[in-house]
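Engineer: Quick one: this structure, given as structure tokens, is what I'll be asking you about.
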Amino acid sequence: MIDFLKEFWEFLKERKKYWLLPIIIVLALFGALIVLSQGSAVAPFIYTIF
Amino acid sequence: MTSILGISAFYHDSAAALIKDGEIIAAAQEERFTRIKHDPSYPANAVTYVLKESNLKLSEVNHIVFFEKPFLKFERLLETYMAFAPKGFKSFSLSMPIWLREKLFQKKFLFEKLKSQDKNFNDIKKIKFSEHHYSHAASAFYPSPFKEAIILTLDGVGEWATTTVAIGKENKLEMIKEIHFPHSIGLLYSAFTYYTGFKVNSGEYKVMGLAPYGKPKYKDKILKNLLDLKDDGSFKLNMKYFNYATGLTMTNKKFSDLFGQPVRNPKKDLLTDFHMDMASSIQAVTEEIVIKLVKDLQNKFKIKNLCLAGGVALNCVANGKILKEKIFENLWIQPAAGDAGGSLGAALAYWYHELNMPRDQYYDRMRGAYLGPKFNDQDIEQQLNSLNAKFSKKTADEISKEVAKELSNNKTVGWFQGRMEFGPRALGGRSILADPRSEKMQKELNLKIKFRESFRPFAPSILREDLKDWFDLDCDSPYMLLVSDVKKEKQISMSEKDKKLFGIEKLNIKRSSIPAITHVDYSARIQTVHEDTNKKYYDLLKEFKKITDCPVLVNTSFNVRGEPIVNSISDAFNCFMGTNLDILVIENFVLYKNDQDKSIIKDYKDKFELD
């Protein structure tokens with residue numbers, strides 16, 4: 001995973017597209033929440049967000 | 001010795017190619033092994049095959065190059081969604097989970113897949129990434145016979161680019177111009193493929209085949225409303241009419257309203273004159289764009305050679321026009337011009353561009369595109385026996401004499417010889433052959449053997465040395481990627497009554513002395529056959545010419561509608577038994593349908609989905 005993050009950071013630097021970073025972080029967080037919520041423990045947290 | 005494995009996958013037509021010290025050793029498309037047309041999955045079977053052909057283990061391969069850059073593609077997706085937001089949320093919500101789960105981690109995914117094929121493969125750093133259009137351009141330039149050339153790639157979309165221009169000189173290949181998504185000639189053509197009721201990414205060649213039945217009535221409407229085309233061939237699409245950037249269809253309601261009809265539903269709506277006119281119109285527009293692009297390149301760079309690749313380069317009618325206009329002195333088109341060829345291009349790009357290896361031999365390096373599997377006599381005999389086939393073994397000389405005679409008696413032949421072709425065309429390795437002089441042959445082949453639409457044309461193979469006597473063409477066309485007219489003296493002109501016929505009605509008129517391969521506009525998609533790349537096929541044509549005075553055969557791919565071209569002995573035998581083919585020839589083994597056990601005959605027609 002660390003290798004992936006390093007490579008992705010290199011990519012953003014090369015392309016000078018730092019503005020994509022917040023979008024990706026939000027997407028990744030939501031992605032993680034969706035995966036975690038399948039175990040239902042985090043579900044109430046999601047409800048409060050929406 | 002340096003070996004490089006090229007891989008294209010995960011969109012459509014996945015494939016693997018292997019080069020050793022810059023020499024192309026093997027290349028194959030995954031669909032041929034899995035029997036799933038345009039199979040996009042990781043090409044495990046193709047990788048296994050190319051390694052076997054090269055006597056290498058995966059862990060011994062020096063570099064593995066994937067044909068496109070996933071990060072760059074992800075960037076394009078995000079930026080497109082941002083640009084069109086809030087439109088496109090449905091498409092966004094469908095695509096993001098796939099990207100966040102696997103596509104973004106393609107390096108790791110590829111590594112795991114490769115490792116599952118060889119547990120000793122453990123160096124993830126061997127995996128590299130090329131750019132989609134750079135891979136296409138490399139596949140078009142490096143195997144070409146040119147020291148210097150302009151390379152034009154045209155397709156749907158790669159990462160960002162949809163159209164690119166590059167200059168190639170010796171081992172250098174430099175991109176100089178790009179047109180970016182969503183403005184794409186490939187996607188424009190696919191939009192019309194979708195609108196006329198065919199499958200996107202596979203039915204495009206049907207639209208091209210349908211075009212000569214219609215008139216380009218809507219050409220001006222397309223040019224006026226759907227795109228802004230400049231004199232140098234660059235263009236912008238009017239995205240008001242398209243839905244592919246953010247939606248799940250190619251066109252939208254405005255597009256249907258513009259032309260006055262809804263999208264054709266292939267399950268219930270018949271093809272009408274309207275669809276033929278639409279096909280004719282988009283074909284004419286495509287040709288105009290391509291010709292403008294190519295003319296501008298010649299004017300600007302004054303280089304005499306042109307190379308083409310990308311899915312649009314499979315539009316052999318447009319290619320024929322480039323040749324006819326004599327814009328460039330020489331033209332070379334990568335036979336696997338679609339995404340499958342990206343695997344080969346990625347490997348070649350790494351060898352010449354990244355490793356900076358010299359390129360000093362200037363001849364066609366594709367070996368006639370015969371880069372796939374072949375079988376030895378022992379294997380064939382064993383497999384035919386296990387299939388309960390009745391067969392006899394002959395010498396090569398006997399085969400060409402006997403098969404030529406049977407062909408001249410209107411028999412249809414499944415011809416399975418040597419290595420399988422790389423690319424979508426069958427070139428006399430996995431072909432169905434027939435007599436082009438027969439008036440009934442086109443209908444018979446379409447309806448009884450290929451089980452496909454009756455309007456679909458067939459292509460001729462011809463001895464290279466006889467080409468100019470039969471067609472308005474006098475250059476090599478070994479990959480069946482050029483269209484030209486049947487020679488005037490071989491044509492039969494239409495009566496006034498015939499001229500009034502429209503659409504499919506035109507099919508019933510004999511248009512030349514080789515009617516089975518003459519399309520309704522007198523054109524034909526030509527393959528020239530050369531002794532040095534396919535001797536057996538060349539000898540067969542020579543024998544056929546001796547008997548009939550005609551050096552031409554009908555050559556269509558050995559498959560039925562929707563089926564990938566046959567790859568193995570059992571694929572060939574099953575297709576032979578499931579269709580009305582009369583004879584099957586596998587290397588030196590001959591099988592007659594009449595000799596076979598009738599109980600093995602299978603219902604084959606509905607085995608494959610309509611495309």
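Residues in the structure tokens are numbered from 1 in each chain, the chains being A, B, ... in the order shown, and ligands are numbered from 1 in the order shown.
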Run DSSP on the backbone and tell me which residues of segment 248-349 of chain B come out as alpha helix (DSSP H); list them as a PyMOL selection string.

Structural biologist: chain B and resi 253-259+273-301+316-324+340-349

Engineer: Using only C-alpha atoms, find which residues of chain A lie within 8 Å of chain B and jot them down as a ChimeraX atom specification.

Structural biologist: /A:4,8,11,20,28,31

Engineer: Just give me the gap between atom CA of Phe391 of chain B and atom CA of Asn376 of chain B in Å, one decimal is fine.

Structural biologist: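 Separating atom CA of Phe391 of chain B from atom CA of Asn376 of chain B is a distance of 15.7 Å.
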
Engineer: Nearest residue to Ser461 of chain B out of B:Val413, B:Ala336, B:Ala524, B:Ile151, using only C-alpha atoms?

Structural biologist: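 Comparing B:Val413, B:Ala336, B:Ala524, B:Ile151 against Ser461 of chain B, the winner is B:Ala524.
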
Engineer: Using atom CA of Leu507 of chain B and atom CA of Ala426 of chain B as the two end points, give the distance in Å to one decimal.

Structural biologist: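 A separation of 23.9 Å between them.
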
Engineer: Can you tell me, as a PyMOL selection string, which residues in segment 40-202 of chain B count as strand (DSSP E or B) by DSSP?

Structural biologist: chain B and resi 63-66+127-129+148-154+161-169+172-180

Engineer: Suppose you want the space between atom CA of Tyr350 of chain B and atom CA of Ala166 of chain B; what is it in Å?

Structural biologist: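 Result for atom CA of Tyr350 of chain B versus atom CA of Ala166 of chain B: 16.3 Å, one decimal.
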
Engineer: Mind checking which residues fall within 10 Å of Phe558 of chain B, counting only C-alpha atoms, ignoring those fewer than 6 positions away in the same chain, and posting them as a list in words?

Structural biologist: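 Once the adjacent positions are removed, what remains is Val413, Gly414, Trp415, Phe416, Arg425, Ala426, Gly428, Gly429, Arg430, Ser431, Ile432, Leu433, Ile449, Lys450, Pro564, Ile565, Val566, Asn567, Asp571, Ala572, Cys575 and Phe576 of chain B.
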
Engineer: Hey, which of B:Asn385, B:Ser256, B:Asn319, B:Asn580 ends up closest to Thr412 of chain B? Count only C-alpha atoms.

Structural biologist: B:Asn580

Engineer: Contacts of Ser523 of chain B at 8 Å or less, counting only C-alpha atoms, minus same-chain residues fewer than 3 places along, as a VMD selection string?

Structural biologist: chain B and resid 483 to 486 518 to 520

Engineer: If you keep N, CA and C atoms, can you produce a file of those selected residues as a PDB file, in the first residue's frame?

Structural biologist:
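Heads up, here's the output in part_36.pdb:
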```pdb
ATOM      1  N   VAL B 483      -9.286  -1.458 -49.062  1.00  0.00           N
ATOM      2  CA  VAL B 483     -10.432  -1.723 -49.927  1.00  0.00           C
ATOM      3  C   VAL B 483     -10.192  -1.050 -51.268  1.00  0.00           C
ATOM      4  N   SER B 484     -10.513  -1.776 -52.323  1.00  0.00           N
ATOM      5  CA  SER B 484     -10.375  -1.201 -53.652  1.00  0.00           C
ATOM      6  C   SER B 484     -11.447  -1.799 -54.561  1.00  0.00           C
ATOM      7  N   ASP B 485     -11.635  -1.168 -55.728  1.00  0.00           N
ATOM      8  CA  ASP B 485     -12.686  -1.652 -56.638  1.00  0.00           C
ATOM      9  C   ASP B 485     -12.204  -2.832 -57.481  1.00  0.00           C
ATOM     10  N   VAL B 486     -13.148  -3.679 -57.844  1.00  0.00           N
ATOM     11  CA  VAL B 486     -12.878  -4.738 -58.815  1.00  0.00           C
ATOM     12  C   VAL B 486     -12.620  -4.053 -60.159  1.00  0.00           C
ATOM     13  N   THR B 518     -17.619  -9.304 -54.481  1.00  0.00           N
ATOM     14  CA  THR B 518     -17.820  -7.932 -54.957  1.00  0.00           C
ATOM     15  C   THR B 518     -18.969  -7.295 -54.192  1.00  0.00           C
ATOM     16  N   HIS B 519     -18.674  -6.258 -53.441  1.00  0.00           N
ATOM     17  CA  HIS B 519     -19.711  -5.590 -52.645  1.00  0.00           C
ATOM     18  C   HIS B 519     -20.628  -4.804 -53.597  1.00  0.00           C
ATOM     19  N   VAL B 520     -21.748  -4.312 -53.075  1.00  0.00           N
ATOM     20  CA  VAL B 520     -22.731  -3.668 -53.952  1.00  0.00           C
ATOM     21  C   VAL B 520     -22.192  -2.406 -54.635  1.00  0.00           C
TER      22      VAL B 520
END
```

Engineer: Identify which of the residues B:Asp118, B:Phe92, B:Ala337, B:Leu540 lies closest to Leu27 of chain A, counting only C-alpha atoms when measuring atom-to-atom distances.

Structural biologist: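 Closest candidate: B:Phe92.
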
Engineer: With distances taken over only C-alpha atoms, which of B:Leu152, B:Asp228, B:Gln382, B:Asp360 is nearest to Gln298 of chain B?

Structural biologist: B:Leu152
